[in-house]
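Structure file work.pdb (PDB, C-alpha atoms) follows.
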ATOM      1  CA  MET A  59      76.369 117.445  62.340
ATOM      2  CA  LYS A  60      76.258 116.313  58.726
ATOM      3  CA  TYR A  61      75.487 112.777  57.612
ATOM      4  CA  ASP A  62      78.946 112.157  56.199
ATOM      5  CA  GLN A  63      80.607 113.013  59.520
ATOM      6  CA  LEU A  64      78.171 110.902  61.543
ATOM      7  CA  TYR A  65      78.523 108.041  59.076
ATOM      8  CA  GLN A  66      82.329 108.157  59.101
ATOM      9  CA  ARG A  67      82.382 108.272  62.894
ATOM     10  CA  LEU A  68      80.304 105.072  63.018
ATOM     11  CA  ILE A  69      82.456 103.273  60.441
ATOM     12  CA  ASP A  70      85.698 104.329  62.161
ATOM     13  CA  SER A  71      84.393 103.225  65.542
ATOM     14  CA  ILE A  72      83.444  99.702  64.497
ATOM     15  CA  LEU A  73      86.528  99.120  62.338
ATOM     16  CA  LYS A  74      89.177 100.827  64.463
ATOM     17  CA  GLY A  75      87.700 101.121  67.958
ATOM     18  CA  LYS A  76      88.748  99.064  70.953
ATOM     19  CA  GLY A  77      87.621  95.456  70.759
ATOM     20  CA  GLU A  78      88.468  91.771  71.062
ATOM     21  CA  SER A  79      88.628  91.042  67.330
ATOM     22  CA  THR A  80      91.487  92.338  65.197
ATOM     23  CA  PRO A  81      91.028  95.245  62.771
ATOM     24  CA  GLU A  82      91.707  92.748  59.955
ATOM     25  CA  GLN A  83      88.894  90.465  61.130
ATOM     26  CA  ARG A  84      86.515  93.408  61.401
ATOM     27  CA  GLN A  85      87.408  94.684  57.949
ATOM     28  CA  ALA A  86      86.871  91.176  56.546
ATOM     29  CA  ALA A  87      83.443  90.987  58.259
ATOM     30  CA  PHE A  88      82.590  94.455  56.916
ATOM     31  CA  ASP A  89      83.619  93.349  53.401
ATOM     32  CA  ASN A  90      81.952  89.942  53.857
ATOM     33  CA  ALA A  91      85.093  88.398  52.396
ATOM     34  CA  GLY A  92      88.047  86.425  53.664
ATOM     35  CA  LEU A  93      86.920  85.185  57.084
ATOM     36  CA  PRO A  94      87.537  81.571  58.104
ATOM     37  CA  GLN A  95      84.615  79.188  58.657
ATOM     38  CA  PRO A  96      82.293  79.065  60.495
ATOM     39  CA  ILE A  97      82.332  82.830  61.094
ATOM     40  CA  ASP A  98      82.311  83.476  57.339
ATOM     41  CA  ARG A  99      78.996  81.616  57.030
ATOM     42  CA  LEU A 100      77.507  83.543  59.940
ATOM     43  CA  VAL A 101      78.596  86.949  58.621
ATOM     44  CA  ASN A 102      77.333  86.112  55.131
ATOM     45  CA  LYS A 103      73.950  85.251  56.648
ATOM     46  CA  VAL A 104      73.933  88.546  58.554
ATOM     47  CA  ALA A 105      74.646  90.379  55.292
ATOM     48  CA  HIS A 106      72.143  88.582  53.065
ATOM     49  CA  GLU A 107      69.521  86.751  55.103
ATOM     50  CA  ALA A 108      69.782  87.956  58.672
ATOM     51  CA  ASN A 109      66.290  86.765  59.514
ATOM     52  CA  LYS A 110      67.499  83.190  58.952
ATOM     53  CA  VAL A 111      70.255  83.367  61.596
ATOM     54  CA  THR A 112      69.629  80.673  64.223
ATOM     55  CA  ASP A 113      70.748  79.904  67.768
ATOM     56  CA  ASN A 114      72.799  77.102  66.244
ATOM     57  CA  ASP A 115      74.714  79.497  63.954
ATOM     58  CA  ILE A 116      75.833  81.424  67.030
ATOM     59  CA  ALA A 117      76.586  78.229  68.992
ATOM     60  CA  VAL A 118      78.747  76.871  66.152
ATOM     61  CA  ALA A 119      80.691  80.145  65.901
ATOM     62  CA  LYS A 120      81.285  80.134  69.664
ATOM     63  CA  ALA A 121      82.350  76.485  69.636
ATOM     64  CA  ALA A 122      84.993  77.377  67.031
ATOM     65  CA  GLY A 123      86.645  79.629  69.610
ATOM     66  CA  ASN A 124      85.078  83.041  68.976
ATOM     67  CA  SER A 125      84.229  84.945  72.156
ATOM     68  CA  GLU A 126      80.845  86.619  72.568
ATOM     69  CA  ASN A 127      82.496  90.028  72.291
ATOM     70  CA  GLN A 128      84.185  88.985  69.048
ATOM     71  CA  LEU A 129      80.832  87.830  67.677
ATOM     72  CA  PHE A 130      79.182  91.064  68.843
ATOM     73  CA  GLU A 131      81.799  93.050  66.925
ATOM     74  CA  LEU A 132      81.894  90.916  63.782
ATOM     75  CA  ILE A 133      78.090  90.695  63.447
ATOM     76  CA  ILE A 134      77.881  94.490  63.718
ATOM     77  CA  CYS A 135      80.658  94.904  61.133
ATOM     78  CA  GLY A 136      78.887  92.453  58.798
ATOM     79  CA  ALA A 137      75.552  94.273  59.121
ATOM     80  CA  ILE A 138      77.026  97.742  58.680
ATOM     81  CA  GLY A 139      79.239  96.603  55.808
ATOM     82  CA  GLN A 140      76.294  95.375  53.758
ATOM     83  CA  ALA A 141      74.160  98.440  54.559
ATOM     84  CA  SER A 142      77.091 100.724  53.692
ATOM     85  CA  ARG A 143      77.477  99.143  50.249
ATOM     86  CA  GLN A 144      73.823  99.964  49.624
ATOM     87  CA  TYR A 145      74.179 103.473  51.074
ATOM     88  CA  GLU A 146      77.277 104.318  49.071
ATOM     89  CA  SER A 147      75.653 102.987  45.900
ATOM     90  CA  GLY A 148      72.704 105.307  46.577
ATOM     91  CA  LEU A 149      74.905 108.321  47.289
ATOM     92  CA  SER A 150      77.013 107.696  44.147
ATOM     93  CA  ALA A 151      73.877 107.361  42.013
ATOM     94  CA  LEU A 152      72.530 110.614  43.476
ATOM     95  CA  ALA A 153      75.815 112.459  42.841
ATOM     96  CA  GLU A 154      75.949 111.147  39.274
ATOM     97  CA  ALA A 155      72.345 112.118  38.566
ATOM     98  CA  ILE A 156      72.929 115.647  39.896
ATOM     99  CA  LYS A 157      76.091 115.944  37.785
ATOM    100  CA  GLU A 158      74.094 114.919  34.726
ATOM    101  CA  GLY A 159      71.718 117.785  35.453
ATOM    102  CA  GLY A 160      68.763 116.047  37.024
ATOM    103  CA  GLY A 161      68.684 118.321  40.034
ATOM    104  CA  HIS A 162      70.702 120.651  42.170
ATOM    105  CA  ALA A 163      72.554 119.839  45.345
ATOM    106  CA  SER A 164      70.923 121.475  48.317
TER
ATOM    107  CA  MET B  32      69.125  87.801  72.857
ATOM    108  CA  ARG B  33      71.462  85.141  71.516
ATOM    109  CA  LEU B  34      74.597  86.578  73.096
ATOM    110  CA  GLU B  35      74.601  86.346  76.879
ATOM    111  CA  ILE B  36      76.631  89.574  77.097
ATOM    112  CA  LEU B  37      73.644  91.407  75.551
ATOM    113  CA  ASN B  38      71.326  89.995  78.203
ATOM    114  CA  ASN B  39      73.487  90.359  81.296
ATOM    115  CA  GLY B  40      76.794  91.966  80.376
ATOM    116  CA  TYR B  41      75.952  95.529  81.429
ATOM    117  CA  LYS B  42      77.647  97.704  84.026
ATOM    118  CA  PHE B  43      75.961  98.088  87.413
ATOM    119  CA  GLY B  44      74.741 101.639  86.683
ATOM    120  CA  THR B  45      73.227 100.536  83.376
ATOM    121  CA  LYS B  46      71.427  97.609  85.018
ATOM    122  CA  LEU B  47      70.085 100.023  87.612
ATOM    123  CA  LEU B  48      68.838 102.309  84.829
ATOM    124  CA  PHE B  49      67.117  99.337  83.127
ATOM    125  CA  GLY B  50      65.384  98.586  86.437
ATOM    126  CA  ILE B  51      64.210 102.176  86.890
ATOM    127  CA  ILE B  52      62.863 102.299  83.317
ATOM    128  CA  LYS B  53      60.918  99.077  83.898
ATOM    129  CA  LEU B  54      59.544 100.425  87.169
ATOM    130  CA  PHE B  55      58.276 103.669  85.641
ATOM    131  CA  SER B  56      57.164 102.498  82.187
ATOM    132  CA  GLY B  57      55.783  99.145  83.278
ATOM    133  CA  TYR B  58      57.747  97.396  80.521
ATOM    134  CA  PRO B  59      61.292  96.051  80.274
ATOM    135  CA  LEU B  60      63.528  98.136  78.020
ATOM    136  CA  PRO B  61      63.183  96.701  74.476
ATOM    137  CA  ASP B  62      66.201  94.828  73.113
ATOM    138  CA  ALA B  63      66.740  97.512  70.439
ATOM    139  CA  ALA B  64      67.457  99.997  73.224
ATOM    140  CA  ARG B  65      69.464  97.546  75.362
ATOM    141  CA  LEU B  66      71.822  96.862  72.448
ATOM    142  CA  ILE B  67      72.661 100.580  72.274
ATOM    143  CA  PHE B  68      73.911 100.461  75.881
ATOM    144  CA  TYR B  69      76.289  97.536  75.411
ATOM    145  CA  ARG B  70      79.852  98.835  74.953
ATOM    146  CA  SER B  71      78.221 101.999  73.675
ATOM    147  CA  ASP B  72      81.455 103.567  72.419
ATOM    148  CA  PHE B  73      81.821 100.758  69.892
ATOM    149  CA  TYR B  74      78.411 100.844  68.208
ATOM    150  CA  GLY B  75      75.600 102.341  70.316
ATOM    151  CA  ASN B  76      76.667 105.964  70.566
ATOM    152  CA  PRO B  77      77.768 106.607  66.983
ATOM    153  CA  ALA B  78      74.814 104.563  65.658
ATOM    154  CA  LYS B  79      72.188 106.432  67.658
ATOM    155  CA  GLN B  80      73.616 109.788  66.597
ATOM    156  CA  PHE B  81      73.307 108.836  62.920
ATOM    157  CA  THR B  82      69.813 107.426  63.479
ATOM    158  CA  GLN B  83      68.673 110.518  65.386
ATOM    159  CA  ARG B  84      69.856 112.734  62.524
ATOM    160  CA  ALA B  85      68.087 110.558  59.957
ATOM    161  CA  MET B  86      64.825 110.098  61.874
ATOM    162  CA  ARG B  87      64.436 113.347  63.809
ATOM    163  CA  GLY B  88      66.850 115.829  62.230
ATOM    164  CA  GLN B  89      65.644 118.612  59.981
ATOM    165  CA  SER B  90      64.167 117.136  56.801
ATOM    166  CA  PRO B  91      61.500 117.858  54.203
ATOM    167  CA  TRP B  92      60.030 114.471  55.212
ATOM    168  CA  SER B  93      57.790 114.373  58.255
ATOM    169  CA  VAL B  94      58.589 112.092  61.202
ATOM    170  CA  GLY B  95      55.647 109.924  60.089
ATOM    171  CA  ASP B  96      57.090 109.638  56.562
ATOM    172  CA  ARG B  97      60.519 108.626  57.843
ATOM    173  CA  GLU B  98      59.090 106.114  60.299
ATOM    174  CA  LEU B  99      56.986 104.732  57.446
ATOM    175  CA  MET B 100      60.178 104.291  55.399
ATOM    176  CA  ALA B 101      61.701 102.472  58.407
ATOM    177  CA  ALA B 102      58.671 100.175  58.692
ATOM    178  CA  TYR B 103      58.659  99.561  54.950
ATOM    179  CA  ILE B 104      62.371  98.683  54.806
ATOM    180  CA  SER B 105      61.848  96.372  57.809
ATOM    181  CA  ARG B 106      59.029  94.705  55.896
ATOM    182  CA  LEU B 107      61.331  94.157  52.891
ATOM    183  CA  ASN B 108      63.898  92.554  55.199
ATOM    184  CA  GLU B 109      61.151  90.571  56.971
ATOM    185  CA  CYS B 110      62.362  91.803  60.348
ATOM    186  CA  SER B 111      59.432  91.132  62.693
ATOM    187  CA  PHE B 112      60.651  93.261  65.609
ATOM    188  CA  CYS B 113      61.309  96.371  63.503
ATOM    189  CA  ILE B 114      58.103  96.040  61.437
ATOM    190  CA  LYS B 115      56.050  96.121  64.645
ATOM    191  CA  ALA B 116      58.123  98.826  66.289
ATOM    192  CA  HIS B 117      58.125 101.291  63.384
ATOM    193  CA  THR B 118      54.593 100.569  62.200
ATOM    194  CA  ALA B 119      53.546 101.726  65.663
ATOM    195  CA  VAL B 120      55.761 104.851  65.581
ATOM    196  CA  SER B 121      54.654 105.832  62.073
ATOM    197  CA  ALA B 122      50.982 105.257  62.905
ATOM    198  CA  GLY B 123      51.410 107.392  66.031
ATOM    199  CA  ALA B 124      53.176 110.188  64.160
ATOM    200  CA  TYR B 125      50.555 110.294  61.406
ATOM    201  CA  GLY B 126      47.668 109.621  63.770
ATOM    202  CA  ASP B 127      46.611 107.115  61.101
ATOM    203  CA  GLY B 128      47.361 103.423  61.484
ATOM    204  CA  THR B 129      45.236 102.440  58.479
ATOM    205  CA  LYS B 130      47.432 104.388  56.069
ATOM    206  CA  VAL B 131      50.579 102.688  57.365
ATOM    207  CA  LYS B 132      48.980  99.259  57.074
ATOM    208  CA  GLN B 133      47.854 100.012  53.514
ATOM    209  CA  VAL B 134      51.399 100.990  52.494
ATOM    210  CA  LEU B 135      52.861  97.807  53.968
ATOM    211  CA  ASP B 136      50.132  95.663  52.361
ATOM    212  CA  ASP B 137      50.183  97.197  48.879
ATOM    213  CA  LEU B 138      52.330 100.187  48.001
ATOM    214  CA  GLU B 139      50.727 100.646  44.559
ATOM    215  CA  THR B 140      47.220 101.330  45.850
ATOM    216  CA  ALA B 141      48.159 103.008  49.153
ATOM    217  CA  PRO B 142      46.847 106.564  49.726
ATOM    218  CA  ILE B 143      50.189 108.404  49.914
ATOM    219  CA  SER B 144      51.803 111.045  47.694
ATOM    220  CA  PRO B 145      53.425 109.960  44.407
ATOM    221  CA  GLN B 146      56.681 111.398  45.783
ATOM    222  CA  LEU B 147      56.711 109.154  48.841
ATOM    223  CA  LYS B 148      55.637 106.210  46.714
ATOM    224  CA  VAL B 149      58.479 106.615  44.212
ATOM    225  CA  VAL B 150      60.996 106.994  47.042
ATOM    226  CA  LEU B 151      59.754 103.788  48.687
ATOM    227  CA  THR B 152      60.096 102.059  45.317
ATOM    228  CA  MET B 153      63.697 103.282  45.062
ATOM    229  CA  LEU B 154      64.419 102.044  48.605
ATOM    230  CA  THR B 155      62.895  98.678  47.665
ATOM    231  CA  LYS B 156      65.376  98.257  44.837
ATOM    232  CA  LEU B 157      68.295  99.383  46.980
ATOM    233  CA  THR B 158      67.380  97.027  49.829
ATOM    234  CA  ARG B 159      66.675  94.021  47.601
ATOM    235  CA  GLU B 160      69.380  94.428  44.965
ATOM    236  CA  ASN B 161      71.933  96.323  47.092
ATOM    237  CA  MET B 162      72.452  98.937  44.391
ATOM    238  CA  ILE B 163      70.741 101.662  42.395
ATOM    239  CA  ASP B 164      72.014 103.825  39.544
ATOM    240  CA  ALA B 165      71.583 107.371  38.223
ATOM    241  CA  ASP B 166      68.555 106.312  36.134
ATOM    242  CA  ASP B 167      66.771 105.251  39.317
ATOM    243  CA  ILE B 168      67.504 108.664  40.813
ATOM    244  CA  HIS B 169      66.269 110.459  37.686
ATOM    245  CA  THR B 170      62.972 108.571  37.985
ATOM    246  CA  VAL B 171      62.587 109.880  41.529
ATOM    247  CA  LEU B 172      63.633 113.447  40.654
ATOM    248  CA  ALA B 173      61.120 113.465  37.781
ATOM    249  CA  THR B 174      58.231 113.218  40.256
ATOM    250  CA  GLY B 175      59.362 116.416  41.975
ATOM    251  CA  VAL B 176      61.350 114.893  44.820
ATOM    252  CA  ASN B 177      64.455 117.006  45.507
ATOM    253  CA  PRO B 178      68.030 115.773  46.148
ATOM    254  CA  GLU B 179      67.827 116.603  49.850
ATOM    255  CA  GLN B 180      64.779 114.354  50.190
ATOM    256  CA  ILE B 181      66.646 111.540  48.421
ATOM    257  CA  GLN B 182      69.671 111.999  50.674
ATOM    258  CA  ASP B 183      67.457 111.837  53.754
ATOM    259  CA  ALA B 184      65.675 108.709  52.505
ATOM    260  CA  LEU B 185      69.029 107.013  51.812
ATOM    261  CA  ALA B 186      70.095 107.740  55.397
ATOM    262  CA  VAL B 187      66.910 106.141  56.768
ATOM    263  CA  CYS B 188      67.550 103.182  54.481
ATOM    264  CA  PHE B 189      71.093 102.765  55.803
ATOM    265  CA  ALA B 190      70.039 103.029  59.458
ATOM    266  CA  PHE B 191      67.332 100.394  59.087
ATOM    267  CA  ASN B 192      69.263  97.998  56.909
ATOM    268  CA  VAL B 193      71.738  97.918  59.795
ATOM    269  CA  THR B 194      69.125  97.695  62.569
ATOM    270  CA  ASN B 195      67.056  95.002  60.830
ATOM    271  CA  ARG B 196      70.120  92.790  60.455
ATOM    272  CA  LEU B 197      71.148  93.243  64.072
ATOM    273  CA  ALA B 198      67.609  92.648  65.371
ATOM    274  CA  ASP B 199      67.442  89.312  63.579
ATOM    275  CA  ALA B 200      71.055  88.196  64.079
ATOM    276  CA  PHE B 201      71.052  88.984  67.820
ATOM    277  CA  GLY B 202      67.475  87.739  68.161
ATOM    278  CA  PHE B 203      65.573  90.678  69.674
ATOM    279  CA  PHE B 204      62.714  89.491  71.895
ATOM    280  CA  ILE B 205      59.307  90.425  70.458
ATOM    281  CA  PRO B 206      57.150  91.788  73.293
ATOM    282  CA  SER B 207      53.401  92.461  73.446
ATOM    283  CA  ASP B 208      51.650  94.990  71.227
ATOM    284  CA  ASP B 209      51.142  97.140  74.334
ATOM    285  CA  ALA B 210      54.901  97.211  74.892
ATOM    286  CA  PHE B 211      55.445  98.303  71.277
ATOM    287  CA  GLU B 212      52.876 101.081  71.783
ATOM    288  CA  ALA B 213      54.754 102.260  74.884
ATOM    289  CA  GLY B 214      58.038 102.131  72.939
ATOM    290  CA  ALA B 215      56.484 104.091  70.070
ATOM    291  CA  ASN B 216      55.277 106.814  72.441
ATOM    292  CA  TYR B 217      58.775 107.075  73.867
ATOM    293  CA  LEU B 218      60.375 107.358  70.409
ATOM    294  CA  LEU B 219      57.861 110.041  69.417
ATOM    295  CA  LYS B 220      58.503 112.078  72.546
ATOM    296  CA  ARG B 221      62.219 111.593  72.988
ATOM    297  CA  GLY B 222      63.644 110.348  69.695
ATOM    298  CA  TYR B 223      66.670 108.081  69.360
ATOM    299  CA  ALA B 224      69.441 110.080  71.018
TER
END

Represent the supplied structure as structure tokens.
Amino acid sequence: MKYDQLYQRLIDSILKGKGESTPEQRQAAFDNAGLPQPIDRLVNKVAHEANKVTDNDIAVAKAAGNSENQLFELIICGAIGQASRQYESGLSALAEAIKEGGGHAS
Amino acid sequence: MRLEILNNGYKFGTKLLFGIIKLFSGYPLPDAARLIFYRSDFYGNPAKQFTQRAMRGQSPWSVGDRELMAAYISRLNECSFCIKAHTAVSAGAYGDGTKVKQVLDDLETAPISPQLKVVLTMLTKLTRENMIDADDIHTVLATGVNPEQIQDALAVCFAFNVTNRLADAFGFFIPSDDAFEAGANYLLKRGYA
């Protein structure tokens, strides 16, 4: 199967699949925009400095009423969202470069 | 891991499988693999299919090259678990651990092809700055790298920018070097699917 199909299947699954968080919350985590605190802080850390996430960050998010399954889903959406912005930037740059004549699509 | 569901929230059959794997391999299943089993329809199954395509699917890059990209991206993200895991897989695939170490220590002087070097430089920019443009691609193409190779490298970059974040956010346990060696042998024999 081609990358674009495999990629779209992953994105659809995490944003629209069965879960405990709402599709709106998952989209917001994916976009790293518009979540309430403290989950917004946690998702932003996942997107930009995941290696600084602490036990306390998770404890604070749970104490605010988020279930473990909601955190599982929103952390995954936050991680994939950031990586997808990179990936799509790379794919757009590649398409543009090929269009400009720097190479041929294989 | 930081979420209790990722430590103990598995179905009976999955727990049994974890036990059998530990019995035969001598090591507990690494957290990277356990995560894939948790509610696998949500993330694990579609993620491992993408990763398998990127890391083991047909590509002009060797398995060693792609695992080196994975280790290098993990290094950029300072993800301890994934650096160790994919350094071991790349070293095993190349049969040359020194080369992998040299790339992670100093890309400029490392003994790899100019093509692989320029691709790793492109992936550095993409991982650190979250974007690249057509000029960056032209620089890569100018060294003789073809578009298919760039597409494949971007897929590896995506897979590991996801995995690194999850490893650190969920807090993957870092086992012994022997356990990483065993995991690397498994990934070389069986892949990610």

task = Would you give me, as number ranges by chain, the residues of chain A that come within 7 Å of chain B, using all atoms listed in the file?
result = A: 61, 64-65, 67-68, 71-72, 75, 104, 108-109, 111, 113, 126, 134, 137-138, 141-145, 147-148, 151-152, 154-155, 160-164

Between CA of Leu99 (chain B) and CA of Ile156 (chain A), distance in Å (one decimal) =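 Between CA of Leu99 (chain B) and CA of Ile156 (chain A) the gap is 26.1 Å.
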
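Reported to one decimal place, the separation of CA of Gly77 (chain A) from CA of Glu107 (chain A) is 25.5 Å.
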
ask   = Between CA of Gly222 (chain B) and CA of Gln89 (chain B), what is the distance, to one decimal in Å?
value =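 Computing the Euclidean distance for CA of Gly222 (chain B) and CA of Gln89 (chain B) yields 12.9 Å.
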
key: Hits from the PyMOL selection byres ((chain A and resi 102) around 10), listed as a count of residues only   = 21

request  = Name the residues in contact with Glu139 (chain B) at a cut-off of 10 Å, using all atoms listed in the file, excluding same-chain residues fewer than 5 positions from it; report them as a ChimeraX atom specification.
outcome  = /B:133-134,145,148-149,152

inquiry  = Could you list, as an MDAnalysis selection string, every residue matched by the PyMOL selection byres ((chain B and resi 100) around 9) in this structure?
reply    = chainID B and resid 95:99 101:105 117 121 147 150:151 154 184 187:188 191

key: Target residues per the PyMOL selection byres ((chain B and resi 205) around 8), formatted as a list in words   =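 After applying the PyMOL selection byres ((chain B and resi 205) around 8), what remains is Ser111, Phe112, Phe203, Phe204, Pro206 and Ser207 of chain B.
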
task = Using only C-alpha atoms, determine which residues lie at most 9 Å from Glu78 (chain A), disregarding the query and same-chain residues fewer than 3 positions distant; provide the list as a PyMOL selection string.
result = chain A and resi 125+127-128+131

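Using only C-alpha atoms, the nearest neighbour of Cys113 (chain B) within the list B:Tyr125, B:Tyr217, B:Phe211, B:Phe55 is B:Phe211.
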